[in-house]
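Colleague: Hey, dropping entry_29.cif in here, mmCIF, C-alpha atoms:
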data_query
#
loop_
_atom_site.label_atom_id
_atom_site.label_comp_id
_atom_site.auth_asym_id
_atom_site.auth_seq_id
_atom_site.Cartn_x
_atom_site.Cartn_y
_atom_site.Cartn_z
CA MET A 775 22.16 -95.28 34.20
CA CYS A 776 21.20 -94.26 37.72
CA GLY A 777 20.66 -97.42 39.74
CA ARG A 778 20.98 -96.24 43.34
CA PHE A 779 19.94 -93.09 45.17
CA THR A 780 19.12 -91.68 48.60
CA GLN A 781 16.13 -90.06 50.29
CA TYR A 782 17.16 -89.06 53.81
CA PHE A 783 15.48 -85.64 53.95
CA THR A 784 12.82 -84.99 56.56
CA TYR A 785 9.23 -84.12 55.77
CA ALA A 786 9.86 -80.61 57.09
CA GLU A 787 12.78 -80.18 54.67
CA LEU A 788 10.71 -81.52 51.79
CA HIS A 789 7.75 -79.30 52.56
CA ALA A 790 9.97 -76.23 52.89
CA TYR A 791 11.77 -76.99 49.63
CA PHE A 792 8.50 -77.17 47.68
CA SER A 793 6.86 -74.26 49.51
CA PHE A 794 7.28 -72.07 46.41
CA PHE A 795 4.61 -74.27 44.79
CA ALA A 796 1.08 -73.39 45.91
CA ASP A 797 -0.42 -75.90 48.34
CA ALA A 798 2.67 -78.11 48.35
CA PHE A 799 1.40 -80.97 50.54
CA SER A 800 -1.61 -81.33 52.79
CA THR A 801 -0.88 -84.17 55.21
CA PRO A 802 2.56 -85.41 56.27
CA PRO A 803 3.11 -89.16 55.81
CA THR A 804 3.47 -91.32 58.90
CA ASN A 805 6.02 -93.74 57.41
CA MET A 806 8.79 -91.50 56.06
CA GLN A 807 12.12 -93.03 57.02
CA PRO A 808 15.63 -92.00 55.88
CA ARG A 809 17.05 -94.20 53.12
CA TRP A 810 20.68 -94.25 51.95
CA HIS A 811 20.52 -97.17 49.51
CA LEU A 812 17.40 -97.21 47.37
CA CYS A 813 17.55 -99.84 44.63
CA PRO A 814 15.28 -100.71 41.68
CA THR A 815 11.88 -102.16 42.72
CA ASP A 816 12.14 -100.46 46.16
CA PRO A 817 9.31 -98.12 47.21
CA VAL A 818 10.43 -94.50 46.80
CA TRP A 819 8.85 -91.14 47.54
CA VAL A 820 7.40 -89.31 44.55
CA VAL A 821 5.90 -85.83 44.18
CA LEU A 822 3.09 -85.49 41.65
CA PRO A 823 0.46 -82.89 40.77
CA SER A 824 -2.98 -82.95 42.32
CA GLU A 825 -6.12 -80.87 42.00
CA THR A 826 -4.98 -78.67 44.88
CA GLY A 827 -1.25 -78.44 44.15
CA LEU A 828 1.16 -81.29 44.88
CA ARG A 829 0.84 -84.61 46.67
CA LEU A 830 3.41 -87.03 48.06
CA GLU A 831 3.22 -90.81 47.82
CA GLN A 832 5.36 -93.92 47.59
CA MET A 833 5.69 -95.87 44.35
CA ARG A 834 7.65 -98.85 43.08
CA TRP A 835 10.89 -97.73 41.43
CA GLY A 836 10.72 -99.35 38.01
CA LEU A 837 7.81 -98.33 35.81
CA ALA A 838 5.26 -100.99 34.89
CA PRO A 839 3.29 -99.79 31.84
CA TYR A 840 -0.47 -100.21 32.09
CA TRP A 841 -0.50 -102.65 29.16
CA TRP A 842 2.02 -105.11 30.64
CA LYS A 843 0.35 -108.56 30.79
CA GLN A 844 2.98 -110.64 32.60
CA PRO A 845 4.19 -110.76 36.22
CA LEU A 846 6.41 -107.87 37.29
CA LYS A 847 9.36 -110.22 37.78
CA LYS A 848 9.43 -110.61 33.96
CA LEU A 849 9.45 -106.87 33.33
CA PRO A 850 12.74 -105.58 31.81
CA ALA A 851 14.67 -102.90 33.70
CA THR A 852 12.55 -99.73 33.63
CA PHE A 853 13.97 -97.69 36.51
CA ASN A 854 15.50 -95.22 34.03
CA ALA A 855 13.97 -93.66 30.90
CA ARG A 856 16.35 -92.13 28.37
CA ALA A 857 15.54 -88.51 27.49
CA GLU A 858 16.27 -89.19 23.81
CA THR A 859 13.49 -91.80 23.47
CA VAL A 860 11.13 -91.15 26.39
CA ASP A 861 8.43 -89.76 24.08
CA THR A 862 8.61 -92.60 21.56
CA LYS A 863 9.48 -95.80 23.45
CA PRO A 864 6.24 -97.76 24.10
CA THR A 865 7.13 -98.39 27.75
CA PHE A 866 7.27 -94.67 28.57
CA ARG A 867 5.51 -92.60 25.90
CA GLU A 868 2.00 -92.60 27.42
CA ALA A 869 3.33 -91.67 30.84
CA PHE A 870 5.43 -88.92 29.22
CA LYS A 871 2.25 -87.45 27.73
CA ARG A 872 -0.04 -87.76 30.75
CA ARG A 873 1.65 -88.88 33.98
CA ARG A 874 4.66 -86.84 35.01
CA CYS A 875 6.11 -86.47 38.47
CA VAL A 876 9.30 -85.65 40.35
CA ILE A 877 11.49 -87.93 42.44
CA PRO A 878 13.04 -85.87 45.25
CA ALA A 879 16.51 -87.18 46.08
CA SER A 880 19.09 -86.31 48.69
CA GLY A 881 21.66 -87.59 46.21
CA TYR A 882 22.49 -90.44 43.86
CA TYR A 883 25.34 -92.83 43.08
CA GLU A 884 27.19 -93.38 39.82
CA TRP A 885 30.13 -95.62 38.99
CA GLN A 886 33.42 -94.65 37.39
CA ASP A 887 35.36 -97.28 35.43
CA VAL A 888 38.84 -97.55 36.92
CA ALA A 889 41.73 -99.98 36.52
CA ASP A 890 40.59 -102.32 39.31
CA GLY A 891 36.85 -102.20 38.76
CA LYS A 892 34.04 -99.70 39.33
CA GLN A 893 34.43 -96.88 41.83
CA PRO A 894 31.17 -95.41 43.16
CA TRP A 895 30.77 -91.66 43.55
CA TYR A 896 28.03 -89.90 45.45
CA PHE A 897 26.40 -86.85 43.83
CA THR A 898 24.46 -84.41 45.99
CA PRO A 899 23.34 -80.74 45.82
CA ARG A 900 25.93 -78.01 46.39
CA GLU A 901 23.20 -76.08 48.21
CA GLY A 902 20.03 -77.29 49.89
CA PRO A 903 18.90 -80.80 50.85
CA ILE A 904 17.13 -81.97 47.69
CA LEU A 905 17.55 -82.66 43.99
CA MET A 906 14.37 -82.69 41.88
CA ILE A 907 14.67 -85.50 39.33
CA ALA A 908 12.28 -85.49 36.36
CA ALA A 909 10.21 -88.67 36.47
CA LEU A 910 7.14 -90.47 35.14
CA TRP A 911 4.55 -92.60 36.88
CA GLU A 912 2.08 -95.29 35.90
CA ILE A 913 -0.74 -97.48 37.24
CA TRP A 914 -0.58 -101.22 36.52
CA LYS A 915 -3.08 -103.91 37.48
CA ASN A 916 -1.84 -107.47 37.90
CA PRO A 917 -3.75 -109.71 35.45
CA GLU A 918 -3.27 -112.61 37.84
CA PRO A 919 -4.85 -113.09 41.29
CA PRO A 920 -5.03 -111.24 43.61
CA HIS A 921 -5.18 -108.58 40.84
CA GLU A 922 -3.45 -105.93 42.93
CA THR A 923 -2.85 -102.43 41.59
CA VAL A 924 0.75 -101.17 41.52
CA ARG A 925 1.77 -97.54 41.14
CA SER A 926 5.30 -97.21 39.79
CA THR A 927 7.81 -94.61 38.65
CA THR A 928 10.96 -94.10 36.60
CA MET A 929 13.71 -91.45 36.47
CA VAL A 930 14.47 -89.62 33.23
CA ILE A 931 18.20 -89.61 32.44
CA THR A 932 20.18 -87.58 29.93
CA GLU A 933 23.71 -86.79 28.78
CA PRO A 934 26.10 -85.61 31.50
CA ASN A 935 27.13 -82.04 32.11
CA ASP A 936 30.83 -81.22 32.09
CA PHE A 937 31.20 -81.99 35.79
CA VAL A 938 29.48 -85.40 35.75
CA ALA A 939 31.23 -86.39 32.51
CA GLN A 940 34.46 -86.75 34.49
CA TYR A 941 32.91 -89.79 36.19
CA HIS A 942 30.01 -91.15 34.12
CA ASP A 943 28.33 -90.87 30.72
CA ARG A 944 24.74 -90.27 31.94
CA MET A 945 22.96 -88.32 34.67
CA PRO A 946 19.39 -87.76 35.90
CA VAL A 947 17.47 -84.79 34.51
CA LEU A 948 17.48 -82.27 37.36
CA LEU A 949 14.61 -79.81 37.44
CA THR A 950 14.64 -76.36 39.04
CA ARG A 951 11.97 -74.20 40.62
CA GLU A 952 11.69 -72.47 37.25
CA THR A 953 11.14 -75.67 35.25
CA LEU A 954 9.17 -77.81 37.70
CA GLY A 955 5.73 -76.40 36.85
CA ASP A 956 6.19 -76.76 33.09
CA TRP A 957 7.34 -80.36 33.52
CA LEU A 958 4.47 -81.44 35.76
CA SER A 959 1.78 -79.66 33.72
CA GLY A 960 3.06 -80.94 30.39
CA ALA A 961 3.47 -77.39 29.09
CA LYS A 962 6.99 -78.31 28.00
CA GLY A 963 8.52 -81.62 27.09
CA ARG A 964 11.85 -82.83 25.78
CA GLU A 965 13.30 -79.31 25.71
CA LEU A 966 13.51 -79.57 29.52
CA LEU A 967 15.37 -82.89 29.44
CA LYS A 968 18.87 -81.48 29.28
CA PRO A 969 21.82 -81.69 31.68
CA ASP A 970 21.75 -79.09 34.43
CA GLU A 971 24.42 -76.50 35.04
CA ALA A 972 27.65 -78.06 36.26
CA ASP A 973 27.73 -76.00 39.46
CA LEU A 974 24.49 -77.40 40.94
CA ILE A 975 25.97 -80.64 42.27
CA LYS A 976 29.11 -81.90 43.96
CA ALA A 977 30.53 -85.41 44.32
CA TRP A 978 32.91 -87.51 46.35
CA PRO A 979 34.08 -91.14 46.26
CA VAL A 980 32.39 -93.63 48.59
CA SER A 981 32.87 -97.22 49.69
CA ARG A 982 32.40 -99.99 47.14
CA ALA A 983 29.97 -101.55 49.58
CA VAL A 984 27.28 -99.63 47.73
CA ASN A 985 28.01 -101.79 44.65
CA SER A 986 25.95 -104.58 46.20
CA SER A 987 22.16 -104.27 46.32
CA LYS A 988 22.35 -106.19 49.62
CA ALA A 989 24.52 -103.56 51.34
CA PRO A 990 23.11 -102.36 54.69
CA ASP A 991 20.99 -99.23 54.36
CA SER A 992 23.27 -96.96 56.37
CA PRO A 993 24.63 -93.38 56.28
CA GLU A 994 28.08 -95.00 56.17
CA LEU A 995 27.44 -95.58 52.45
CA ILE A 996 27.71 -91.87 51.68
CA ARG A 997 30.76 -91.23 53.87
CA PRO A 998 33.64 -89.80 51.75
CA ILE A 999 36.70 -92.02 51.34
CA LYS A 1000 40.24 -91.37 50.15
CA LEU A 1001 41.34 -92.96 46.89
CA GLY A 1002 44.76 -94.30 46.10
#
Represent the structure contained in this file as structure tokens.
Modeller:
Amino acid sequence: MCGRFTQYFTYAELHAYFSFFADAFSTPPTNMQPRWHLCPTDPVWVVLPSETGLRLEQMRWGLAPYWWKQPLKKLPATFNARAETVDTKPTFREAFKRRRCVIPASGYYEWQDVADGKQPWYFTPREGPILMIAALWEIWKNPEPPHETVRSTTMVITEPNDFVAQYHDRMPVLLTRETLGDWLSGAKGRELLKPDEADLIKAWPVSRAVNSSKAPDSPELIRPIKLG
């Protein structure tokens, strides 16, 4: 499971990274702030297809399917969708067919089981500022007053590559410039939901402060530490 990640890239970095895609973004957002500790239910930046290319918007992290009839606080954990069942599980299958997107991440955290507890590791690109995580999105309308509309998203996760397997048994599906278009358009499906090459990411141990969802949102969370 991937339950924490970061988005501390700038709009300029994001725009440049997606510049290979025609008409990447039209208008820069006015509220983009660096985040080092994004947790489930937080608003996160998402890239999704539009009529003119790509658009950027914030969504709730934790997908609320359109048919959900109860308050969001009763929704089970939906911040990750398993690649093995994403096309069959009722919570995700409609979004898999029709509403795909990408969550750009500066990096993400995973936890390694060690003798004295869980040690967090921070995974980030070996080159460049951004990982492109395969994701889905959905529109949900609250059946109760004030009947607000919520747009939400989830990451697709898969088996680990050889590098990640040293630390954890799952990892996000990381897209490339070659696979992004086929994912967003729906031209390809589960055949894209495989672990990436082991040389695309690097990792280092970080403070266990990140284990708490109440940890301060600070760049100190991704600072490397020495173990032992």
Colleague: Quick check, in Å to one decimal: how far apart do CA of Gln940 in chain A and CA of Thr898 in chain A lie?
Modeller: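 Spanning CA of Gln940 in chain A to CA of Thr898 in chain A is a straight-line distance of 15.4 Å.
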Colleague: Smallest atom-to-atom distance to Ala838 in chain A: which of A:Val888, A:Leu910, A:Val860, A:Leu1001, using all atoms listed in the file?
Modeller: A:Leu910
Colleague: Could you expand the PyMOL selection byres ((chain A and resi 832-835) around 8) into the explicit residues it covers here, written as a list in words?
Modeller: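 Expected selection for the PyMOL selection byres ((chain A and resi 832-835) around 8) here is Cys813, Pro814, Thr815, Asp816, Pro817, Val818, Trp819, Val820, Leu830, Glu831, Gly836, Leu837, Phe853, Val924, Arg925, Ser926, Thr927 and Thr928 of chain A.
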Colleague: Which residues are close to Val938 in chain A, i.e. within 12 Å by all atoms listed in the file, leaving aside same-chain residues fewer than 3 positions away? Reply as a ChimeraX atom specification.
Modeller: /A:882-886,895-898,932-935,941-946,969-978
Colleague: Apply the PyMOL selection byres ((chain A and resi 984) around 10) to the file shown and report the selected residues as an mmCIF file with C-alpha atoms, in the frame of the given file.
Modeller:
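New file selection17.cif:
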data_model
loop_
_atom_site.group_PDB
_atom_site.id
_atom_site.type_symbol
_atom_site.label_atom_id
_atom_site.label_comp_id
_atom_site.auth_asym_id
_atom_site.auth_seq_id
_atom_site.Cartn_x
_atom_site.Cartn_y
_atom_site.Cartn_z
ATOM 1 C CA ARG A 778 20.980 -96.240 43.340
ATOM 2 C CA TRP A 810 20.680 -94.250 51.950
ATOM 3 C CA HIS A 811 20.520 -97.170 49.510
ATOM 4 C CA TYR A 883 25.340 -92.830 43.080
ATOM 5 C CA GLN A 893 34.430 -96.880 41.830
ATOM 6 C CA PRO A 894 31.170 -95.410 43.160
ATOM 7 C CA TRP A 895 30.770 -91.660 43.550
ATOM 8 C CA VAL A 980 32.390 -93.630 48.590
ATOM 9 C CA SER A 981 32.870 -97.220 49.690
ATOM 10 C CA ARG A 982 32.400 -99.990 47.140
ATOM 11 C CA ALA A 983 29.970 -101.550 49.580
ATOM 12 C CA ASN A 985 28.010 -101.790 44.650
ATOM 13 C CA SER A 986 25.950 -104.580 46.200
ATOM 14 C CA SER A 987 22.160 -104.270 46.320
ATOM 15 C CA LYS A 988 22.350 -106.190 49.620
ATOM 16 C CA ALA A 989 24.520 -103.560 51.340
ATOM 17 C CA PRO A 990 23.110 -102.360 54.690
ATOM 18 C CA ASP A 991 20.990 -99.230 54.360
ATOM 19 C CA SER A 992 23.270 -96.960 56.370
ATOM 20 C CA GLU A 994 28.080 -95.000 56.170
ATOM 21 C CA LEU A 995 27.440 -95.580 52.450
ATOM 22 C CA ILE A 996 27.710 -91.870 51.680
#
Colleague: Interatomic distance between CA of Ile877 in chain A and CA of Met929 in chain A?
Modeller: 7.3 Å
Colleague: Can you list, as a VMD selection string, the residues that the PyMOL selection byres ((chain A and resi 799) around 12) selects here?
Modeller: chain A and resid 785 to 786 788 to 798 800 to 803 820 to 831
Colleague: Within 12 Å of (14.8, -86.2, 58.2), all atoms listed in the file: residues as a PyMOL selection string?
Modeller: chain A and resi 780-789+805-810+880+903-904
Colleague: Report, in Å with one decimal, the straight-line distance from CA of Ala851 in chain A to CA of Trp957 in chain A.
Modeller: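 CA of Trp957 in chain A lies 23.7 Å from CA of Ala851 in chain A.
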Colleague: Ranking A:Leu812, A:Ala869, A:Ala961, A:Leu846 by minimum distance to Glu912 in chain A and counting all atoms listed in the file, which one comes first?
Modeller: A:Ala869
Colleague: Which of these, A:Arg964, A:Leu905, A:Lys1000, A:Pro850, has the shortest distance to Thr862 in chain A once you count all atoms listed in the file?
Modeller: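 The answer is A:Arg964, which sits nearest to Thr862 in chain A.
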Colleague: Calculated over all atoms listed in the file, which of the candidates A:Val930, A:Ala879, A:Leu958, A:Ala889 has the smallest distance to Gly902 in chain A?
Modeller: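 Ranking A:Val930, A:Ala879, A:Leu958, A:Ala889 by distance to Gly902 in chain A, first place goes to A:Ala879.
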